[in-house]
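**Student:** Got a file for you: protein-v6.cif, mmCIF, C-alpha atoms.
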data_final
loop_
_atom_site.label_atom_id
_atom_site.label_comp_id
_atom_site.auth_asym_id
_atom_site.auth_seq_id
_atom_site.Cartn_x
_atom_site.Cartn_y
_atom_site.Cartn_z
CA MET A 266 -239.86 37.63 -55.73
CA LEU A 267 -237.26 34.89 -55.97
CA PHE A 268 -233.87 35.56 -54.37
CA ILE A 269 -231.01 33.32 -55.51
CA VAL A 270 -228.43 33.74 -52.76
CA GLY A 271 -224.84 32.50 -52.80
CA LEU A 272 -223.58 31.27 -49.45
CA GLY A 273 -219.85 31.15 -50.17
CA LEU A 274 -217.65 28.17 -49.39
CA GLY A 275 -217.09 28.00 -45.65
CA ASP A 276 -219.90 27.93 -43.13
CA GLU A 277 -223.07 29.85 -42.36
CA ARG A 278 -221.06 33.04 -41.62
CA ASP A 279 -219.90 33.40 -45.23
CA ILE A 280 -223.22 34.76 -46.46
CA THR A 281 -222.94 38.43 -47.51
CA LEU A 282 -224.78 41.17 -45.62
CA ARG A 283 -227.02 41.72 -48.66
CA GLY A 284 -227.73 38.02 -48.77
CA LEU A 285 -228.58 37.87 -45.08
CA GLU A 286 -230.92 40.85 -45.36
CA ALA A 287 -232.71 39.16 -48.27
CA VAL A 288 -233.08 35.85 -46.44
CA LYS A 289 -234.51 37.52 -43.35
CA GLN A 290 -237.26 39.19 -45.37
CA CYS A 291 -238.35 35.97 -47.10
CA ASP A 292 -241.37 33.88 -46.20
CA LYS A 293 -239.76 30.65 -47.40
CA VAL A 294 -236.09 29.68 -47.52
CA TYR A 295 -234.74 26.68 -49.46
CA ILE A 296 -231.16 25.40 -49.56
CA GLU A 297 -229.91 23.19 -52.37
CA ALA A 298 -228.11 20.12 -51.11
CA TYR A 299 -226.62 18.27 -54.06
CA THR A 300 -224.17 20.37 -56.10
CA SER A 301 -221.99 21.19 -53.09
CA LEU A 302 -222.04 21.39 -49.30
CA LEU A 303 -220.94 23.74 -46.58
CA SER A 304 -217.95 22.86 -44.42
CA PHE A 305 -220.23 21.55 -41.64
CA GLY A 306 -222.18 19.45 -44.10
CA ILE A 307 -225.89 19.26 -44.73
CA SER A 308 -227.16 17.69 -41.51
CA SER A 309 -229.80 18.43 -38.92
CA ASP A 310 -227.19 20.30 -36.87
CA GLY A 311 -226.05 22.22 -39.93
CA LEU A 312 -229.57 23.28 -40.79
CA SER A 313 -230.29 24.36 -37.24
CA THR A 314 -227.15 26.51 -37.33
CA LEU A 315 -228.37 28.15 -40.52
CA GLU A 316 -231.85 28.63 -39.11
CA LYS A 317 -230.52 30.25 -35.95
CA LEU A 318 -228.46 32.80 -37.91
CA TYR A 319 -231.08 33.49 -40.57
CA GLY A 320 -234.06 33.56 -38.21
CA ARG A 321 -236.06 31.42 -40.63
CA PRO A 322 -236.83 27.72 -41.09
CA VAL A 323 -234.72 26.29 -43.91
CA ILE A 324 -236.15 23.68 -46.31
CA LEU A 325 -233.68 21.15 -47.70
CA ALA A 326 -233.99 21.04 -51.51
CA ASP A 327 -232.43 17.92 -52.97
CA ARG A 328 -231.85 17.25 -56.67
CA GLU A 329 -235.25 15.62 -57.07
CA MET A 330 -237.09 18.64 -55.67
CA VAL A 331 -235.19 21.23 -57.71
CA GLU A 332 -235.18 19.34 -61.00
CA GLU A 333 -238.59 17.69 -60.79
CA LYS A 334 -240.63 19.75 -58.33
CA ALA A 335 -239.41 23.28 -58.99
CA ASP A 336 -243.03 24.38 -59.46
CA GLU A 337 -243.42 24.23 -55.70
CA ILE A 338 -240.66 26.82 -55.25
CA LEU A 339 -241.85 28.98 -58.14
CA SER A 340 -245.50 28.92 -57.06
CA ALA A 341 -244.49 30.31 -53.68
CA ALA A 342 -242.31 32.98 -55.33
CA ARG A 343 -245.29 34.26 -57.35
CA VAL A 344 -247.15 35.35 -54.21
CA SER A 345 -244.37 35.94 -51.66
CA ASP A 346 -240.64 36.41 -51.20
CA VAL A 347 -238.68 33.15 -51.49
CA ALA A 348 -234.95 32.57 -51.04
CA PHE A 349 -233.08 29.77 -52.76
CA LEU A 350 -229.68 29.33 -51.10
CA VAL A 351 -226.77 27.96 -53.09
CA VAL A 352 -223.38 26.93 -51.70
CA GLY A 353 -220.72 28.97 -53.50
CA ASP A 354 -222.09 31.27 -56.20
CA PRO A 355 -225.64 31.01 -57.58
CA PHE A 356 -224.52 30.17 -61.11
CA GLY A 357 -222.07 27.41 -60.27
CA ALA A 358 -224.52 24.79 -61.60
CA THR A 359 -226.76 24.73 -64.66
CA THR A 360 -229.76 23.67 -62.58
CA HIS A 361 -229.77 27.07 -60.93
CA THR A 362 -229.72 28.81 -64.30
CA ASP A 363 -232.72 26.71 -65.32
CA LEU A 364 -234.58 27.80 -62.20
CA VAL A 365 -233.97 31.47 -63.04
CA VAL A 366 -235.11 30.98 -66.66
CA ARG A 367 -238.33 29.28 -65.54
CA ALA A 368 -239.02 32.02 -62.99
CA LYS A 369 -238.54 34.79 -65.55
CA LYS A 370 -240.86 33.04 -68.02
CA LEU A 371 -243.54 33.08 -65.32
CA GLY A 372 -243.02 36.80 -64.75
CA ILE A 373 -241.42 36.32 -61.35
CA VAL A 374 -238.92 38.98 -60.35
CA VAL A 375 -235.52 37.37 -59.71
CA LYS A 376 -232.74 38.94 -57.68
CA VAL A 377 -229.32 37.28 -57.61
CA ILE A 378 -226.84 37.86 -54.78
CA HIS A 379 -223.37 36.58 -55.62
CA ASN A 380 -220.67 35.10 -53.41
CA ALA A 381 -217.31 33.34 -53.61
CA SER A 382 -217.10 30.04 -55.48
CA VAL A 383 -214.49 27.40 -56.20
CA MET A 384 -213.98 29.08 -59.57
CA ASN A 385 -212.23 32.03 -57.96
CA ALA A 386 -211.15 30.62 -54.58
CA ILE A 387 -208.60 28.38 -56.33
CA GLY A 388 -206.63 31.57 -56.91
CA ILE A 389 -205.14 31.08 -53.44
CA CYS A 390 -202.55 28.68 -54.88
CA GLY A 391 -201.06 31.46 -56.99
CA LEU A 392 -202.07 30.25 -60.46
CA GLN A 393 -203.57 33.27 -62.18
CA LEU A 394 -207.27 32.91 -62.88
CA TYR A 395 -207.12 34.31 -66.42
CA ARG A 396 -204.67 31.56 -67.36
CA TYR A 397 -207.24 28.76 -66.94
CA GLY A 398 -208.84 26.96 -69.84
CA GLU A 399 -212.13 25.06 -69.89
CA THR A 400 -213.18 23.52 -66.58
CA VAL A 401 -213.84 19.77 -66.61
CA SER A 402 -215.81 17.38 -64.42
CA ILE A 403 -214.44 13.98 -63.43
CA PRO A 404 -217.28 11.48 -62.82
CA PHE A 405 -217.04 8.28 -60.82
CA PHE A 406 -216.24 5.33 -63.07
CA THR A 407 -218.36 2.20 -62.87
CA GLU A 408 -217.77 -1.27 -64.28
CA THR A 409 -219.81 -0.44 -67.38
CA TRP A 410 -219.45 3.36 -67.64
CA ARG A 411 -216.03 4.97 -67.91
CA PRO A 412 -216.50 8.30 -69.71
CA ASP A 413 -213.39 10.16 -70.83
CA SER A 414 -214.70 13.29 -72.58
CA PHE A 415 -212.68 15.38 -70.13
CA TYR A 416 -209.45 14.08 -71.67
CA GLU A 417 -209.71 16.06 -74.91
CA LYS A 418 -210.54 19.25 -72.99
CA ILE A 419 -207.48 18.82 -70.77
CA GLN A 420 -205.43 18.17 -73.91
CA SER A 421 -206.73 21.36 -75.54
CA ASN A 422 -205.97 23.40 -72.42
CA ARG A 423 -202.45 22.02 -72.10
CA ASN A 424 -201.72 22.60 -75.80
CA LEU A 425 -202.48 26.26 -75.13
CA GLY A 426 -200.39 26.28 -71.94
CA LEU A 427 -203.51 26.80 -69.78
CA HIS A 428 -204.35 25.36 -66.37
CA THR A 429 -207.33 23.01 -65.97
CA LEU A 430 -209.71 22.98 -63.01
CA CYS A 431 -211.13 19.50 -62.45
CA LEU A 432 -214.35 19.40 -60.46
CA LEU A 433 -214.78 16.03 -58.79
CA ASP A 434 -217.98 14.03 -58.72
CA ILE A 435 -220.59 14.38 -55.97
CA ARG A 436 -223.23 11.66 -55.72
CA VAL A 437 -226.02 12.68 -53.37
CA LYS A 438 -229.44 11.01 -53.26
CA GLU A 439 -228.77 9.04 -56.42
CA PRO A 440 -231.26 6.21 -57.05
CA SER A 441 -229.68 2.80 -57.54
CA LEU A 442 -230.03 1.17 -60.96
CA GLU A 443 -231.61 -1.90 -59.37
CA SER A 444 -234.30 0.16 -57.65
CA LEU A 445 -235.11 2.02 -60.88
CA CYS A 446 -235.58 -1.31 -62.64
CA ARG A 447 -238.02 -2.33 -59.92
CA GLY A 448 -239.92 0.93 -60.24
CA LYS A 449 -239.35 1.97 -56.63
CA LYS A 450 -236.56 4.44 -55.88
CA GLN A 451 -233.98 3.51 -53.30
CA TYR A 452 -231.03 5.81 -52.86
CA GLU A 453 -227.36 5.00 -52.69
CA PRO A 454 -225.24 6.39 -49.83
CA PRO A 455 -223.66 9.80 -50.57
CA ARG A 456 -220.26 9.66 -52.27
CA TYR A 457 -217.71 12.41 -52.77
CA MET A 458 -214.77 11.83 -55.08
CA SER A 459 -211.33 12.26 -53.54
CA ILE A 460 -208.28 13.70 -55.27
CA ASN A 461 -206.68 10.26 -55.02
CA THR A 462 -209.52 8.61 -56.94
CA ALA A 463 -209.58 11.39 -59.53
CA ILE A 464 -205.86 10.98 -60.27
CA GLU A 465 -206.24 7.21 -60.49
CA GLN A 466 -208.97 7.64 -63.10
CA LEU A 467 -207.08 10.33 -64.99
CA LEU A 468 -204.03 8.10 -65.29
CA GLU A 469 -206.18 5.16 -66.39
CA VAL A 470 -207.58 7.24 -69.26
CA GLU A 471 -204.10 8.48 -70.24
CA GLN A 472 -202.84 4.89 -70.33
CA ALA A 473 -205.68 3.97 -72.67
CA LYS A 474 -205.30 7.03 -74.93
CA VAL A 475 -201.48 7.12 -75.05
CA ASP A 476 -201.47 10.74 -76.27
CA SER A 477 -199.02 11.90 -73.57
CA VAL A 478 -201.32 14.71 -72.43
CA TYR A 479 -200.16 14.18 -68.84
CA ASN A 480 -198.52 11.49 -66.70
CA GLU A 481 -197.74 10.72 -63.08
CA ASP A 482 -195.00 13.39 -63.13
CA THR A 483 -197.37 16.16 -64.26
CA GLU A 484 -197.64 18.93 -61.70
CA CYS A 485 -201.03 19.51 -60.12
CA VAL A 486 -202.54 21.30 -57.17
CA GLY A 487 -204.96 19.53 -54.86
CA PHE A 488 -207.55 21.44 -52.82
CA ALA A 489 -209.68 20.12 -49.96
CA ARG A 490 -212.49 22.04 -48.25
CA ILE A 491 -211.43 25.23 -49.99
CA GLY A 492 -212.75 28.36 -48.28
CA SER A 493 -213.09 26.73 -44.87
CA GLU A 494 -210.85 27.19 -41.85
CA ASP A 495 -209.22 23.79 -42.32
CA GLN A 496 -208.69 24.00 -46.06
CA ILE A 497 -205.72 22.14 -47.52
CA VAL A 498 -203.78 23.17 -50.61
CA VAL A 499 -200.92 20.98 -51.84
CA ALA A 500 -198.85 21.27 -55.03
CA GLY A 501 -196.96 18.31 -56.43
CA THR A 502 -196.89 15.69 -59.13
CA MET A 503 -199.84 13.39 -59.66
CA LYS A 504 -197.81 10.59 -58.09
CA GLN A 505 -197.04 12.67 -55.02
CA LEU A 506 -200.63 13.84 -54.54
CA GLN A 507 -201.94 10.27 -54.79
CA SER A 508 -200.16 9.40 -51.54
CA ILE A 509 -201.61 12.32 -49.55
CA ASP A 510 -204.66 12.02 -47.33
CA PHE A 511 -206.63 15.19 -48.04
CA GLY A 512 -209.31 14.30 -45.49
CA ALA A 513 -213.00 15.09 -45.68
CA PRO A 514 -214.70 16.44 -48.85
CA LEU A 515 -215.07 18.46 -50.93
CA HIS A 516 -211.97 18.06 -53.11
CA CYS A 517 -210.94 19.53 -56.45
CA LEU A 518 -207.82 19.30 -58.58
CA VAL A 519 -205.94 21.65 -60.89
CA ILE A 520 -203.66 20.33 -63.63
CA THR A 521 -201.14 23.07 -64.29
CA GLY A 522 -200.26 24.41 -67.71
CA ASN A 523 -197.30 26.67 -68.42
CA THR A 524 -196.47 28.62 -65.26
CA HIS A 525 -195.01 32.10 -64.94
CA PRO A 526 -192.22 32.87 -62.41
CA VAL A 527 -194.63 34.67 -60.08
CA GLU A 528 -196.95 31.64 -60.15
CA GLU A 529 -194.02 29.36 -59.33
CA GLU A 530 -193.09 31.54 -56.37
CA MET A 531 -196.55 31.20 -54.90
CA LEU A 532 -196.78 27.48 -55.65
CA ASP A 533 -193.55 26.97 -53.69
CA PHE A 534 -195.49 27.69 -50.49
CA TYR A 535 -197.63 24.63 -51.18
CA ARG A 536 -195.12 22.10 -52.49
CA VAL A 537 -195.25 18.60 -51.02
CA GLY A 538 -192.96 18.55 -47.99
CA LYS A 539 -193.51 22.18 -47.04
CA GLU A 540 -194.70 22.85 -43.51
CA ASN A 541 -197.31 25.41 -44.52
CA LEU A 542 -199.55 23.18 -46.61
CA LYS A 543 -202.86 24.62 -45.46
CA GLN A 544 -202.80 28.27 -46.38
CA VAL A 545 -200.50 31.24 -46.84
CA ASP A 546 -202.37 33.44 -44.35
CA ASP A 547 -202.72 31.35 -41.21
CA ARG A 548 -206.27 32.38 -40.37
CA ALA A 549 -206.57 29.75 -37.69
CA SER A 550 -203.86 31.40 -35.55
#
Mind turning this structure into structure tokens?
**Tutor:**
Amino acid sequence: MLFIVGLGLGDERDITLRGLEAVKQCDKVYIEAYTSLLSFGISSDGLSTLEKLYGRPVILADREMVEEKADEILSAARVSDVAFLVVGDPFGATTHTDLVVRAKKLGIVVKVIHNASVMNAIGICGLQLYRYGETVSIPFFTETWRPDSFYEKIQSNRNLGLHTLCLLDIRVKEPSLESLCRGKKQYEPPRYMSINTAIEQLLEVEQAKVDSVYNEDTECVGFARIGSEDQIVVAGTMKQLQSIDFGAPLHCLVITGNTHPVEEEMLDFYRVGKENLKQVDDRAS
């Protein structure tokens, strides 16, 4: 059997009881380490913390393993119980859907155990979840690659008065172009896009398009390390958010659409200049 287990957004304690029970019965436990990361990061210390709680060794599954060597995981799941741990919710990335499809085609029983993800945790800012349009991804620009397909989706959302969740790029174990040309993979250092970089790129695309979809005065909400004890949530214009240091990753950004009075009331708790920027319920106290 293959268990796909969501870990939530904070640390190792955010796993559900059902998820923990499943992990403890498994012979092999993998954790994906490229679509997201827990608040303590994917490090030797982080893994040992997981292993101590789960009572099992945890195998780090990077993008290369999951996308190119999934047979190793599936072969084990045909003859024993295997857990595949995913930060957030199991279906937050298409790769995980692909793993489930491949398992089912092989006749492997798949059990999914859900958890919180960024898709619902952003509700803490007060913007109602059913008033969001299509989610977009903002990739890192390079000198020769500056994709802007997200622009039309944001435009469509804003024309309908809907909010837009922008997921910011994560570059983990990415082979360098030079190494690929040489035929021997060498990996670039991990990179996590900040809210500041995302806004800079968004404004660059707007300047090129000149469709007035948004500008530096457009209200947004910035989130850092959402779901963790030190999460930060700040509402303000793009210009205001660009000057804020949101700290360590992961970050995401919401571009607001038309807001209702009750949404505005909640957003007021997070406006730039407010003392309570981190969270409404002060869990740290």
**Student:** Quick one: pull the distance between atom CA of Glu481 of chain A and atom CA of Gln505 of chain A, Å, one decimal.
**Tutor:** 8.3 Å
**Student:** So what do you get for atom CA of Gly487 of chain A versus atom CA of Val352 of chain A, distance-wise?
**Tutor:**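 According to the coordinates, atom CA of Gly487 of chain A and atom CA of Val352 of chain A are separated by 20.1 Å.
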**Student:** Assuming the chain letters and numbering stay as they are in my file, what does the PyMOL selection byres ((chain A and resi 324) around 6) actually select? List them as a PyMOL selection string.
**Tutor:** chain A and resi 295+323+325
**Student:** Could you tell me, as a PDB file with C-alpha atoms, in the coordinates of the input, exactly which residues end up selected when the PyMOL selection byres ((chain A and resi 417) around 12) is applied to this structure?
**Tutor:**
ATOM      1  CA  GLU A 399    -212.130  25.060 -69.890  1.00  0.00           C
ATOM      2  CA  THR A 400    -213.180  23.520 -66.580  1.00  0.00           C
ATOM      3  CA  VAL A 401    -213.840  19.770 -66.610  1.00  0.00           C
ATOM      4  CA  PRO A 412    -216.500   8.300 -69.710  1.00  0.00           C
ATOM      5  CA  ASP A 413    -213.390  10.160 -70.830  1.00  0.00           C
ATOM      6  CA  SER A 414    -214.700  13.290 -72.580  1.00  0.00           C
ATOM      7  CA  PHE A 415    -212.680  15.380 -70.130  1.00  0.00           C
ATOM      8  CA  TYR A 416    -209.450  14.080 -71.670  1.00  0.00           C
ATOM      9  CA  LYS A 418    -210.540  19.250 -72.990  1.00  0.00           C
ATOM     10  CA  ILE A 419    -207.480  18.820 -70.770  1.00  0.00           C
ATOM     11  CA  GLN A 420    -205.430  18.170 -73.910  1.00  0.00           C
ATOM     12  CA  SER A 421    -206.730  21.360 -75.540  1.00  0.00           C
ATOM     13  CA  ASN A 422    -205.970  23.400 -72.420  1.00  0.00           C
ATOM     14  CA  ARG A 423    -202.450  22.020 -72.100  1.00  0.00           C
ATOM     15  CA  ASN A 424    -201.720  22.600 -75.800  1.00  0.00           C
ATOM     16  CA  THR A 429    -207.330  23.010 -65.970  1.00  0.00           C
ATOM     17  CA  LEU A 467    -207.080  10.330 -64.990  1.00  0.00           C
ATOM     18  CA  VAL A 470    -207.580   7.240 -69.260  1.00  0.00           C
ATOM     19  CA  GLU A 471    -204.100   8.480 -70.240  1.00  0.00           C
ATOM     20  CA  LYS A 474    -205.300   7.030 -74.930  1.00  0.00           C
ATOM     21  CA  ASP A 476    -201.470  10.740 -76.270  1.00  0.00           C
ATOM     22  CA  SER A 477    -199.020  11.900 -73.570  1.00  0.00           C
ATOM     23  CA  VAL A 478    -201.320  14.710 -72.430  1.00  0.00           C
ATOM     24  CA  TYR A 479    -200.160  14.180 -68.840  1.00  0.00           C
TER      25      TYR A 479
END
**Student:** Just want the 7 Å neighbourhood of Ile269 of chain A, counted on all atoms listed in the file, with same-chain residues fewer than 4 positions away dropped. Output as a PyMOL selection string.
**Tutor:** chain A and resi 348-350+355+376-378
**Student:** For the file shown, what are the residues hit by the PyMOL selection byres ((chain A and resi 372) around 12), laid out as a VMD selection string?
**Tutor:** chain A and resid 266 to 267 339 to 340 342 to 344 365 to 371 373 to 375
**Student:** Which protein, DNA or RNA residues are at most 12 Å from (-218.1, 15.6, -62.4) in the file's coordinates when you count all atoms listed in the file, listed as a JSON list (two decimals) with C-alpha atoms, in the coordinates of the input?
**Tutor:**
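Saved to part-v9.json:
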[["chain", "number", "residue", "atom", "x", "y", "z"],
["A", 300, "THR", "CA", -224.17, 20.37, -56.10],
["A", 301, "SER", "CA", -221.99, 21.19, -53.09],
["A", 358, "ALA", "CA", -224.52, 24.79, -61.60],
["A", 400, "THR", "CA", -213.18, 23.52, -66.58],
["A", 401, "VAL", "CA", -213.84, 19.77, -66.61],
["A", 402, "SER", "CA", -215.81, 17.38, -64.42],
["A", 403, "ILE", "CA", -214.44, 13.98, -63.43],
["A", 404, "PRO", "CA", -217.28, 11.48, -62.82],
["A", 405, "PHE", "CA", -217.04, 8.28, -60.82],
["A", 406, "PHE", "CA", -216.24, 5.33, -63.07],
["A", 412, "PRO", "CA", -216.50, 8.30, -69.71],
["A", 413, "ASP", "CA", -213.39, 10.16, -70.83],
["A", 414, "SER", "CA", -214.70, 13.29, -72.58],
["A", 415, "PHE", "CA", -212.68, 15.38, -70.13],
["A", 430, "LEU", "CA", -209.71, 22.98, -63.01],
["A", 431, "CYS", "CA", -211.13, 19.50, -62.45],
["A", 432, "LEU", "CA", -214.35, 19.40, -60.46],
["A", 433, "LEU", "CA", -214.78, 16.03, -58.79],
["A", 434, "ASP", "CA", -217.98, 14.03, -58.72],
["A", 435, "ILE", "CA", -220.59, 14.38, -55.97],
["A", 436, "ARG", "CA", -223.23, 11.66, -55.72],
["A", 456, "ARG", "CA", -220.26, 9.66, -52.27],
["A", 457, "TYR", "CA", -217.71, 12.41, -52.77],
["A", 458, "MET", "CA", -214.77, 11.83, -55.08],
["A", 459, "SER", "CA", -211.33, 12.26, -53.54],
["A", 463, "ALA", "CA", -209.58, 11.39, -59.53],
["A", 516, "HIS", "CA", -211.97, 18.06, -53.11],
["A", 517, "CYS", "CA", -210.94, 19.53, -56.45],
["A", 518, "LEU", "CA", -207.82, 19.30, -58.58]]
**Student:** Give me, as number ranges by chain, all polymer residues having an atom no more than 6 Å from segment 531-539 of chain A, counting all atoms listed in the file and skipping those fewer than 6 positions away in the same chain.
**Tutor:** A: 390-391, 499-501
**Student:** Quick one: pull the distance between atom CA of Glu277 of chain A and atom CA of Ser313 of chain A, Å, one decimal.
**Tutor:**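 Answer for the atom CA of Glu277 of chain A to atom CA of Ser313 of chain A separation: 10.4 Å.
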**Student:** Skipping near chain neighbours, those fewer than 5 positions away, what residues fall within 12 Å of Leu272 of chain A using only C-alpha atoms, listed as an MDAnalysis selection string?
**Tutor:** chainID A and resid 277:285 288 296:297 301:304 315 319 348:357 377:383 492
**Student:** Between A:Glu484, A:Leu427, A:Asp510, A:Ala298, which has the minimum distance to Gln393 of chain A (counting all atoms listed in the file)?
**Tutor:** A:Leu427
**Student:** So which one's closest to Asp363 of chain A, A:Val527, A:Glu332, A:Val486, A:Ser345? Using all atoms listed in the file, please.
**Tutor:**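 For Asp363 of chain A, the nearest of the candidates is A:Glu332.
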